>>> print(open('upload-v1.txt').read())   # compact mmCIF, C-alpha atoms
# COMPACT_ATOMS: atom_id res chain seq x y z
CA MET A 275 -31.46 31.47 25.16
CA ALA A 276 -34.72 33.00 26.08
CA ALA A 277 -35.92 36.39 24.95
CA ALA A 278 -36.77 38.98 22.24
CA ALA A 279 -38.57 42.15 21.07
CA CYS A 280 -39.16 43.98 17.78
CA ARG A 281 -36.41 46.41 16.87
CA SER A 282 -37.33 50.09 16.86
CA SER A 283 -35.58 50.77 13.56
CA PRO A 284 -37.89 51.11 10.54
CA CYS A 285 -38.55 47.87 8.74
CA SER A 286 -40.25 47.02 5.53
CA GLY A 287 -41.28 43.90 3.71
CA VAL A 288 -43.64 41.05 4.39
CA ARG A 289 -46.49 41.72 6.81
CA PRO A 290 -47.67 38.46 8.39
CA ASN A 291 -51.00 37.18 7.02
CA ARG A 292 -53.02 36.13 10.08
CA ARG A 293 -55.09 33.41 8.37
CA ALA A 294 -52.04 31.94 6.72
CA CYS A 295 -50.16 32.01 10.02
CA LEU A 296 -53.04 30.26 11.77
CA ARG A 297 -53.07 27.51 9.13
CA LEU A 298 -49.30 27.15 9.38
CA ALA A 299 -49.49 27.20 13.18
CA SER A 300 -51.95 24.32 13.20
CA SER A 301 -49.63 22.14 11.14
CA ALA A 302 -46.65 23.31 13.20
CA ARG A 303 -48.34 22.27 16.44
CA ALA A 304 -48.93 18.82 15.02
CA ALA A 305 -45.28 18.58 14.03
CA VAL A 306 -44.11 19.77 17.44
CA GLN A 307 -46.21 17.15 19.21
CA ALA A 308 -44.93 14.30 17.04
CA GLU A 309 -42.48 12.03 18.80
CA ARG A 310 -39.25 12.61 16.92
CA PRO A 311 -35.68 13.29 18.07
CA ALA A 312 -35.02 16.81 19.32
CA ALA A 313 -32.80 18.63 16.84
CA ALA A 314 -32.09 22.28 16.19
CA GLU A 315 -33.44 22.23 12.64
CA GLU A 316 -36.53 20.29 13.60
CA LEU A 317 -37.70 22.31 16.60
CA GLY A 318 -36.78 25.63 15.03
CA ALA A 319 -38.59 24.86 11.79
CA ALA A 320 -41.58 23.33 13.57
CA THR A 321 -42.22 26.33 15.81
CA ARG A 322 -41.48 29.26 13.47
CA ALA A 323 -44.98 29.46 12.02
CA GLU A 324 -46.31 30.03 15.55
CA PHE A 325 -44.44 33.36 15.76
CA PRO A 326 -45.82 35.87 13.23
CA ILE A 327 -43.23 38.55 13.99
CA LEU A 328 -40.46 36.38 12.57
CA HIS A 329 -41.97 36.44 9.08
CA GLN A 330 -40.85 39.89 8.02
CA GLU A 331 -37.93 41.66 6.44
CA VAL A 332 -35.75 44.20 8.24
CA ASN A 333 -33.72 46.59 6.12
CA GLY A 334 -34.64 44.52 3.07
CA ARG A 335 -33.36 41.27 4.58
CA GLN A 336 -35.19 38.36 6.18
CA LEU A 337 -35.20 38.94 9.94
CA VAL A 338 -32.82 36.76 11.94
CA TYR A 339 -33.78 37.36 15.56
CA LEU A 340 -30.96 36.47 17.95
CA ASP A 341 -31.73 38.78 20.88
CA ASN A 342 -33.67 36.23 22.87
CA ALA A 343 -31.75 36.65 26.13
CA ALA A 344 -33.22 40.16 26.20
CA THR A 345 -36.80 39.21 25.36
CA SER A 346 -38.51 36.39 23.49
CA GLN A 347 -41.11 36.58 20.77
CA LYS A 348 -44.71 35.54 21.43
CA PRO A 349 -46.53 32.60 19.83
CA LEU A 350 -50.07 32.78 18.49
CA ALA A 351 -51.29 30.85 21.54
CA VAL A 352 -50.18 33.66 23.85
CA LEU A 353 -51.39 36.46 21.58
CA GLY A 354 -54.73 34.67 21.23
CA ALA A 355 -55.20 34.13 24.97
CA MET A 356 -54.68 37.82 25.71
CA ASP A 357 -56.86 38.89 22.81
CA GLU A 358 -59.61 36.56 24.00
CA TYR A 359 -59.52 38.12 27.48
CA TYR A 360 -59.88 41.66 26.17
CA ARG A 361 -62.51 40.73 23.59
CA GLY A 362 -64.51 38.25 25.58
CA TYR A 363 -64.34 38.65 29.37
CA ASN A 364 -62.40 41.78 30.32
CA SER A 365 -63.22 42.45 33.96
CA ASN A 366 -61.50 43.00 37.28
CA VAL A 367 -60.69 39.91 39.31
CA HIS A 368 -61.69 38.91 42.85
CA ARG A 369 -64.17 41.78 43.01
CA GLY A 370 -67.41 40.72 41.41
CA VAL A 371 -69.95 37.94 41.17
CA HIS A 372 -71.06 38.72 37.62
CA ALA A 373 -70.14 36.32 34.84
CA LEU A 374 -67.29 38.32 33.31
CA SER A 375 -65.57 38.84 36.66
CA ALA A 376 -66.02 35.21 37.62
CA ARG A 377 -64.41 34.01 34.40
CA ALA A 378 -61.59 36.56 34.61
CA THR A 379 -60.86 35.45 38.16
CA ALA A 380 -60.91 31.79 37.20
CA GLU A 381 -58.53 32.33 34.25
CA TYR A 382 -56.22 34.57 36.30
CA GLU A 383 -55.91 32.01 39.10
CA GLU A 384 -55.64 29.12 36.63
CA ALA A 385 -52.61 30.91 35.16
CA ARG A 386 -51.03 30.81 38.61
CA GLU A 387 -51.70 27.07 38.69
CA LYS A 388 -50.04 26.71 35.28
CA ILE A 389 -46.92 28.50 36.49
CA ALA A 390 -46.83 26.27 39.58
CA ARG A 391 -47.07 23.15 37.43
CA PHE A 392 -44.42 24.46 35.05
CA ILE A 393 -41.83 24.79 37.83
CA ASN A 394 -43.29 21.90 39.88
CA ALA A 395 -44.18 24.03 42.90
CA ALA A 396 -45.88 22.19 45.75
CA SER A 397 -48.75 24.70 45.64
CA ALA A 398 -49.90 27.60 43.49
CA GLN A 399 -49.99 29.62 46.71
CA GLU A 400 -46.19 29.67 46.54
CA VAL A 401 -46.33 31.69 43.28
CA VAL A 402 -46.51 35.48 43.67
CA TYR A 403 -47.24 37.62 40.62
CA THR A 404 -44.88 40.58 40.17
CA ARG A 405 -44.24 43.08 37.38
CA ASN A 406 -40.99 41.33 36.48
CA ALA A 407 -38.04 39.54 38.06
CA THR A 408 -36.59 42.86 39.22
CA GLU A 409 -39.68 43.56 41.29
CA ALA A 410 -39.60 39.99 42.60
CA ILE A 411 -36.08 40.47 43.98
CA ASN A 412 -37.03 43.84 45.42
CA LEU A 413 -40.03 42.16 47.05
CA VAL A 414 -37.79 39.65 48.83
CA ALA A 415 -35.34 42.38 49.85
CA ASN A 416 -38.06 44.63 51.25
CA THR A 417 -40.05 41.91 53.03
CA TRP A 418 -37.91 38.95 54.06
CA GLY A 419 -34.77 41.10 54.06
CA THR A 420 -36.28 43.89 56.11
CA ALA A 421 -37.73 41.45 58.66
CA HIS A 422 -34.78 39.08 59.05
CA LEU A 423 -31.52 40.89 58.30
CA ARG A 424 -29.67 42.87 60.96
CA GLU A 425 -26.63 45.13 61.02
CA GLY A 426 -23.51 43.11 60.28
CA ASP A 427 -25.38 40.26 58.57
CA GLU A 428 -23.92 39.11 55.26
CA VAL A 429 -25.48 38.75 51.82
CA VAL A 430 -23.35 36.91 49.25
CA LEU A 431 -23.75 37.86 45.57
CA SER A 432 -21.42 37.52 42.58
CA VAL A 433 -19.60 39.79 40.15
CA ALA A 434 -21.69 38.29 37.33
CA GLU A 435 -25.11 39.33 38.61
CA HIS A 436 -27.62 41.30 36.58
CA HIS A 437 -28.11 44.74 38.08
CA SER A 438 -31.53 43.61 39.32
CA ASN A 439 -29.76 41.21 41.70
CA LEU A 440 -27.25 43.80 42.88
CA VAL A 441 -28.94 47.16 43.37
CA PRO A 442 -31.80 45.95 45.66
CA TRP A 443 -29.25 44.43 48.05
CA GLN A 444 -27.06 47.52 47.89
CA LEU A 445 -30.05 49.67 48.87
CA LEU A 446 -30.95 47.31 51.71
CA ALA A 447 -27.32 47.18 52.87
CA GLN A 448 -27.21 50.97 53.05
CA ARG A 449 -30.36 51.06 55.16
CA LYS A 450 -29.50 48.19 57.49
CA GLY A 451 -25.72 48.11 57.66
CA LEU A 452 -25.36 44.76 55.90
CA VAL A 453 -22.10 43.34 54.57
CA LEU A 454 -22.12 42.39 50.89
CA LYS A 455 -19.64 39.80 49.63
CA PHE A 456 -19.02 38.82 46.02
CA VAL A 457 -18.10 35.53 44.37
CA GLU A 458 -15.62 36.00 41.53
CA LEU A 459 -14.87 33.90 38.45
CA THR A 460 -12.75 30.84 37.82
CA GLY A 461 -10.21 30.68 35.02
CA SER A 462 -12.95 29.25 32.78
CA GLU A 463 -15.15 32.27 33.61
CA GLU A 464 -17.69 30.43 35.71
CA LEU A 465 -18.77 31.38 39.23
CA ASP A 466 -16.15 30.19 41.69
CA VAL A 467 -18.11 27.86 43.97
CA GLU A 468 -14.99 26.98 45.96
CA GLN A 469 -14.59 30.66 46.77
CA LEU A 470 -18.26 30.77 47.75
CA ALA A 471 -17.62 28.04 50.31
CA ARG A 472 -14.85 30.19 51.80
CA LEU A 473 -16.94 33.39 51.77
CA VAL A 474 -19.92 32.11 53.73
CA GLY A 475 -19.86 32.02 57.50
CA PRO A 476 -22.00 32.24 60.63
CA ARG A 477 -23.22 35.76 59.74
CA THR A 478 -24.24 34.80 56.17
CA ARG A 479 -28.02 35.04 55.97
CA LEU A 480 -28.62 34.99 52.22
CA VAL A 481 -26.86 33.86 49.05
CA SER A 482 -28.44 35.38 45.93
CA LEU A 483 -26.99 34.22 42.62
CA VAL A 484 -27.79 33.91 38.95
CA HIS A 485 -28.79 30.39 37.88
CA VAL A 486 -27.61 30.98 34.30
CA SER A 487 -25.59 34.09 33.49
CA ASN A 488 -27.07 36.36 30.84
CA MET A 489 -23.55 37.52 29.94
CA LEU A 490 -21.23 34.54 30.46
CA GLY A 491 -23.68 31.73 29.73
CA CYS A 492 -22.27 29.78 32.69
CA MET A 493 -24.58 27.53 34.69
CA LEU A 494 -24.55 27.36 38.47
CA PRO A 495 -24.14 23.95 40.16
CA VAL A 496 -27.19 24.65 42.29
CA HIS A 497 -27.18 21.50 44.39
CA LYS A 498 -23.60 22.16 45.50
CA VAL A 499 -24.44 25.80 46.25
CA ALA A 500 -27.55 24.77 48.19
CA GLU A 501 -25.42 22.40 50.26
CA ILE A 502 -23.01 25.24 51.09
CA CYS A 503 -25.91 27.49 52.10
CA SER A 504 -27.49 24.80 54.23
CA GLY A 505 -24.20 24.31 56.05
CA VAL A 506 -24.34 27.84 57.48
CA GLY A 507 -28.13 28.19 57.66
CA ALA A 508 -28.33 30.74 54.83
CA LYS A 509 -31.26 31.09 52.45
CA LEU A 510 -30.69 30.75 48.69
CA LEU A 511 -32.32 32.97 46.06
CA LEU A 512 -31.81 32.20 42.38
CA ASP A 513 -32.28 34.56 39.45
CA CYS A 514 -33.83 32.08 36.99
CA CYS A 515 -34.59 34.49 34.15
CA GLN A 516 -32.26 32.60 31.80
CA SER A 517 -33.04 29.10 33.07
CA VAL A 518 -36.82 28.79 33.49
CA PRO A 519 -37.42 29.58 29.78
CA ASN A 520 -34.73 27.22 28.53
CA MET A 521 -34.53 24.07 30.62
CA PRO A 522 -36.56 22.03 33.09
CA VAL A 523 -36.63 23.74 36.49
CA ASP A 524 -38.12 21.80 39.41
CA VAL A 525 -38.24 23.97 42.51
CA GLN A 526 -38.98 21.00 44.76
CA SER A 527 -35.64 19.40 43.91
CA LEU A 528 -33.62 22.51 43.03
CA GLY A 529 -32.58 23.37 46.59
CA ALA A 530 -33.40 27.10 46.46
CA ASP A 531 -35.63 28.98 48.88
CA PHE A 532 -36.71 31.62 46.38
CA ILE A 533 -36.55 31.86 42.59
CA VAL A 534 -37.55 34.73 40.32
CA ALA A 535 -38.36 34.77 36.59
CA SER A 536 -39.80 37.06 33.93
CA SER A 537 -42.63 36.24 31.55
CA HIS A 538 -41.22 38.10 28.57
CA LYS A 539 -38.17 35.84 28.34
CA MET A 540 -40.34 32.69 28.12
CA CYS A 541 -42.73 33.54 25.26
CA GLY A 542 -45.06 35.51 27.53
CA PRO A 543 -45.94 39.21 27.63
CA THR A 544 -43.96 41.99 29.24
CA GLY A 545 -45.16 43.55 32.47
CA ILE A 546 -45.39 40.38 34.54
CA GLY A 547 -43.07 37.95 36.25
CA PHE A 548 -43.19 35.85 39.38
CA LEU A 549 -41.57 35.02 42.66
CA TRP A 550 -41.63 31.47 43.92
CA GLY A 551 -40.91 31.04 47.60
CA ARG A 552 -41.21 28.27 50.13
CA SER A 553 -44.60 28.58 51.78
CA SER A 554 -43.10 28.77 55.28
CA LEU A 555 -40.97 31.76 54.23
CA LEU A 556 -43.79 33.58 52.44
CA ALA A 557 -46.08 33.14 55.45
CA ASP A 558 -43.51 34.87 57.66
CA MET A 559 -42.91 37.83 55.34
CA PRO A 560 -44.61 41.19 56.03
CA PRO A 561 -46.39 43.17 53.30
CA TRP A 562 -44.40 45.52 51.12
CA MET A 563 -46.97 47.53 49.14
CA GLY A 564 -50.28 48.44 50.71
CA GLY A 565 -53.71 48.84 49.13
CA GLY A 566 -56.58 46.79 47.85
CA GLU A 567 -56.40 43.01 47.44
CA MET A 568 -53.65 42.48 50.03
CA ILE A 569 -55.86 43.04 53.06
CA GLN A 570 -58.18 41.02 55.26
CA GLU A 571 -59.81 43.93 57.07
CA VAL A 572 -59.24 47.66 57.04
CA ARG A 573 -60.16 49.93 59.94
CA LEU A 574 -59.19 53.52 60.55
CA GLU A 575 -56.93 52.48 63.38
CA GLY A 576 -55.17 49.75 61.41
CA SER A 577 -55.42 46.83 59.01
CA THR A 578 -54.88 43.10 58.88
CA TYR A 579 -53.40 41.39 55.87
CA ALA A 580 -54.26 38.54 53.56
CA GLU A 581 -52.40 35.27 53.40
CA PRO A 582 -49.77 34.81 50.67
CA PRO A 583 -49.70 35.24 47.78
CA SER A 584 -52.40 37.95 47.97
CA ARG A 585 -50.47 39.73 50.73
CA PHE A 586 -47.86 40.71 48.15
CA GLU A 587 -50.19 41.61 45.26
CA ALA A 588 -51.63 45.00 46.14
CA GLY A 589 -53.96 46.73 43.68
CA THR A 590 -55.50 45.71 40.38
CA PRO A 591 -53.14 43.15 38.84
CA ALA A 592 -51.90 42.66 35.29
CA ILE A 593 -54.74 40.31 34.41
CA ALA A 594 -54.23 39.88 30.67
CA GLU A 595 -50.51 39.53 31.22
CA ALA A 596 -51.01 36.79 33.82
CA ILE A 597 -53.29 34.92 31.43
CA GLY A 598 -50.68 35.35 28.69
CA LEU A 599 -47.97 33.99 30.97
CA GLY A 600 -50.14 30.99 31.74
CA ALA A 601 -50.59 30.39 28.01
CA ALA A 602 -46.81 30.64 27.55
CA CYS A 603 -46.29 27.97 30.23
CA ASP A 604 -48.77 25.73 28.40
CA TYR A 605 -46.99 26.36 25.10
CA LEU A 606 -43.53 25.53 26.43
CA ALA A 607 -44.81 22.54 28.39
CA GLY A 608 -46.39 21.28 25.16
CA LEU A 609 -43.01 21.42 23.44
CA GLY A 610 -41.40 19.68 26.39
CA MET A 611 -38.68 21.47 28.34
CA ALA A 612 -36.23 18.58 27.98
CA ARG A 613 -36.65 18.95 24.23
CA VAL A 614 -36.17 22.71 24.46
CA ALA A 615 -32.98 22.20 26.46
CA ALA A 616 -31.64 19.68 23.93
CA HIS A 617 -32.39 22.07 21.06
CA GLU A 618 -30.56 24.85 22.83
CA ARG A 619 -27.54 22.70 23.67
CA GLU A 620 -27.16 21.79 20.02
CA LEU A 621 -27.76 25.27 18.68
CA GLY A 622 -25.64 26.91 21.38
CA ALA A 623 -22.71 24.59 20.68
CA HIS A 624 -22.96 25.31 16.95
CA LEU A 625 -23.03 29.06 17.63
CA TYR A 626 -20.00 28.80 19.91
CA GLU A 627 -17.97 26.73 17.45
CA GLN A 628 -18.77 29.00 14.53
CA LEU A 629 -17.75 32.11 16.47
CA ARG A 630 -14.62 30.43 17.83
CA SER A 631 -13.44 29.82 14.26
CA ILE A 632 -13.37 33.56 13.44
CA ASN A 633 -10.03 35.27 13.86
CA GLY A 634 -10.10 38.12 16.38
CA VAL A 635 -13.29 37.04 18.18
CA ARG A 636 -13.13 36.67 21.96
CA ILE A 637 -16.05 34.72 23.48
CA TYR A 638 -16.72 35.16 27.21
CA GLY A 639 -17.68 32.35 29.55
CA PRO A 640 -17.01 28.61 29.57
CA SER A 641 -16.98 26.30 26.58
CA PRO A 642 -19.96 24.00 25.91
CA GLU A 643 -17.77 21.11 27.16
CA ALA A 644 -17.64 22.59 30.69
CA ALA A 645 -18.87 20.31 33.46
CA GLN A 646 -22.00 22.40 33.99
CA GLY A 647 -22.43 23.10 30.29
CA ARG A 648 -23.08 26.43 28.66
CA ALA A 649 -26.29 28.28 27.84
CA ALA A 650 -27.30 28.95 24.24
CA LEU A 651 -25.89 32.43 24.11
CA ALA A 652 -22.56 33.87 23.09
CA THR A 653 -21.26 37.18 24.37
CA PHE A 654 -18.18 38.30 22.50
CA ASN A 655 -16.00 41.10 21.25
CA VAL A 656 -14.06 41.51 18.03
CA GLU A 657 -10.58 42.94 18.32
CA GLY A 658 -10.49 46.57 17.24
CA ILE A 659 -14.22 46.98 16.53
CA HIS A 660 -16.73 48.59 18.90
CA PRO A 661 -19.71 46.38 19.85
CA THR A 662 -22.22 49.04 18.83
CA ASP A 663 -20.68 49.25 15.37
CA ILE A 664 -20.94 45.48 15.02
CA SER A 665 -24.59 45.35 16.07
CA THR A 666 -25.44 48.30 13.81
CA LEU A 667 -24.02 46.65 10.72
CA LEU A 668 -25.61 43.33 11.65
CA ASP A 669 -28.96 45.09 11.89
CA SER A 670 -28.48 46.44 8.39
CA ALA A 671 -28.20 42.79 7.31
CA GLY A 672 -31.44 41.90 9.12
CA VAL A 673 -29.73 40.29 12.13
CA ALA A 674 -30.89 41.38 15.59
CA VAL A 675 -28.36 41.00 18.40
CA ARG A 676 -27.70 42.92 21.61
CA SER A 677 -24.74 45.19 22.36
CA GLY A 678 -23.75 47.23 25.41
CA HIS A 679 -23.11 46.24 29.01
CA LEU A 680 -26.10 43.84 29.11
CA CYS A 681 -27.12 45.16 32.57
CA THR A 682 -23.93 43.53 33.91
CA GLN A 683 -21.47 46.38 34.32
CA PRO A 684 -19.54 44.77 37.22
CA VAL A 685 -18.62 41.61 35.31
CA HIS A 686 -17.67 43.68 32.29
CA ARG A 687 -15.29 45.66 34.50
CA HIS A 688 -14.04 42.41 36.03
CA LEU A 689 -13.17 41.23 32.51
CA GLY A 690 -11.56 44.55 31.62
CA ILE A 691 -14.13 45.59 29.01
CA ALA A 692 -16.82 48.27 28.79
CA SER A 693 -19.28 46.53 26.49
CA SER A 694 -19.84 43.47 24.33
CA VAL A 695 -22.05 41.87 21.69
CA ARG A 696 -24.45 39.03 22.52
CA ALA A 697 -26.19 36.59 20.19
CA SER A 698 -28.81 34.37 21.81
CA PRO A 699 -30.99 31.86 19.91
CA TYR A 700 -34.21 30.30 21.19
CA ILE A 701 -36.75 27.62 20.29
CA TYR A 702 -37.67 29.09 16.89
CA ASN A 703 -34.12 29.64 15.65
CA THR A 704 -32.28 27.24 13.34
CA ARG A 705 -28.72 26.34 12.43
CA ALA A 706 -29.27 28.13 9.13
CA GLU A 707 -30.00 31.34 11.03
CA VAL A 708 -26.88 30.94 13.15
CA ASP A 709 -24.92 30.47 9.94
CA ALA A 710 -26.54 33.58 8.44
CA PHE A 711 -25.52 35.56 11.53
CA VAL A 712 -21.95 34.27 11.32
CA ASP A 713 -21.74 35.13 7.62
CA ALA A 714 -23.04 38.65 8.35
CA LEU A 715 -20.52 39.01 11.19
CA LYS A 716 -17.68 37.99 8.89
CA ASP A 717 -18.83 40.56 6.34
CA THR A 718 -18.99 43.17 9.11
CA ILE A 719 -15.46 42.39 10.28
CA GLN A 720 -14.16 42.48 6.72
CA PHE A 721 -15.82 45.86 6.16
CA PHE A 722 -14.15 47.40 9.21
CA ARG A 723 -10.80 45.80 8.40
CA GLU A 724 -10.94 47.31 4.90
CA VAL A 725 -12.03 50.71 6.21
CA GLY A 726 -9.19 50.70 8.73
CA ALA A 727 -6.61 49.44 6.26
>>> encode(input="upload-v1.txt", output="structure tokens")
Amino acid sequence: MAAAACRSSPCSGVRPNRRACLRLASSARAAVQAERPAAAEELGAATRAEFPILHQEVNGRQLVYLDNAATSQKPLAVLGAMDEYYRGYNSNVHRGVHALSARATAEYEEAREKIARFINAASAQEVVYTRNATEAINLVANTWGTAHLREGDEVVLSVAEHHSNLVPWQLLAQRKGLVLKFVELTGSEELDVEQLARLVGPRTRLVSLVHVSNMLGCMLPVHKVAEICSGVGAKLLLDCCQSVPNMPVDVQSLGADFIVASSHKMCGPTGIGFLWGRSSLLADMPPWMGGGEMIQEVRLEGSTYAEPPSRFEAGTPAIAEAIGLGAACDYLAGLGMARVAAHERELGAHLYEQLRSINGVRIYGPSPEAAQGRAALATFNVEGIHPTDISTLLDSAGVAVRSGHLCTQPVHRHLGIASSVRASPYIYNTRAEVDAFVDALKDTIQFFREVGA
């Protein structure tokens, strides 16, 4: 799926040569833009030169980075855009008429336009910069939620939500006396939309669900969910952290009222994300944080506030990060999101089938043949072996995966487990890397079986 970061464990080996990477990146861009069928080997091989961090050894082995649902690596285009800002026109935005400030402002706002185009928003004014998706959800809870939800009103979530789509609503429920309801799973470990239809009612004001689960890999049938919400007059918020980086997302046809996403899962920098909201909803939402930028006029006796999105962007923003996110949108759009989605379907299915063939492995979530499909991630456990032990030995073989509760403790409890292992490929991964991971996993299992024998 979408995401990655450099492991903190010491690593040695090849340090990327910048000039060589730039030459390789130029040829890779040409290959990516050529009109050829989307295939896992092709897209993965064509993009790898754009990502210098991948060309190194970890623990004496070639790095195989399969932790992309946690954070993605950054292409040269993104690194270069941020470097250019700091080297060439570092200045605060919206606050100066000098040349550096004017350019910084133009690039910062152009990045907002790029995000809007990437998700097909009707206007860039519907895109609010936030620190991450977590802050975006908290923004909705503390503005729209505070203004529109009353004691006894219902918010419907699911057992599969990331903590960032649970805790903000729990806090708001405690303050306002809201009722939280939770969609559970079907037998195929997808969100039970039929149960959702039974849960909603005349007091349901908001349904806030994950578009693609970061643990189960299941995909929400959004149009059906939107229809259910519309039937009771409820708003729909989607956590799109695992969908926006990996498939085409068109907010004008999606049916949601709000979506949130994080830059770092879509080849952009950390420290920035965004909220998209319908303009009519944003216009009606009060400020959350106060300070500079979000005001029209400040007097000692009171203040008036800017129109959205500025109303929700108090203080000096993450300028370089916004520019980097804009560059990431350009990069992914250049690849073509339909092509990205096809690559991930193929690679995800191969990952699933390879894992399914290993004795003692339990994969969570639906199969790739499910009606809604399955994301390119596989969360699993191996009978008798702790997830941390698996990920530790995989790391010694140069394979980076994630282990733990994946910020989804409730669904882990629902499944009767405490933790799990997750492997998640992205645009720059190949079938050969999936095979290398599977081989390393088999060696790991064999090691523990022999130790325990």
>>> residues_around(input="upload-v1.txt", residues="stretch 560-568 of chain A", least_positions_apart="2", cutoff="7 Å", atoms="all atoms listed in the file", output="VMD selection string")
chain A and resid 413 416 to 417 558 579 to 580 584 to 589
>>> atom_distance(input="upload-v1.txt", atom1="atom CA of A:Ala378", atom2="atom CA of A:Ser365")
6.1 Å
>>> residues_near_point(input="upload-v1.txt", point="(-31.9, 46.2, 7.7)", cutoff="7 Å", atoms="all atoms listed in the file", output="list in words")
Cys285, Val332, Asn333, Gly334, Arg335, Asp669, Ser670, Ala671 and Gly672 of chain A
>>> closest_residue(input="upload-v1.txt", among="A:Gln526, A:Ile691, A:Leu555, A:Cys603", to="A:Glu581", atoms="all atoms listed in the file")
A:Leu555
>>> atom_distance(input="upload-v1.txt", atom1="atom CA of A:Leu510", atom2="atom CA of A:Trp418")
12.2 Å
>>> atom_distance(input="upload-v1.txt", atom1="atom CA of A:Leu445", atom2="atom CA of A:Leu511")
17.1 Å
>>> closest_residue(input="upload-v1.txt", among="A:Leu337, A:Ala650, A:Ala596, A:Leu350", to="A:His617", atoms="only C-alpha atoms")
A:Ala650
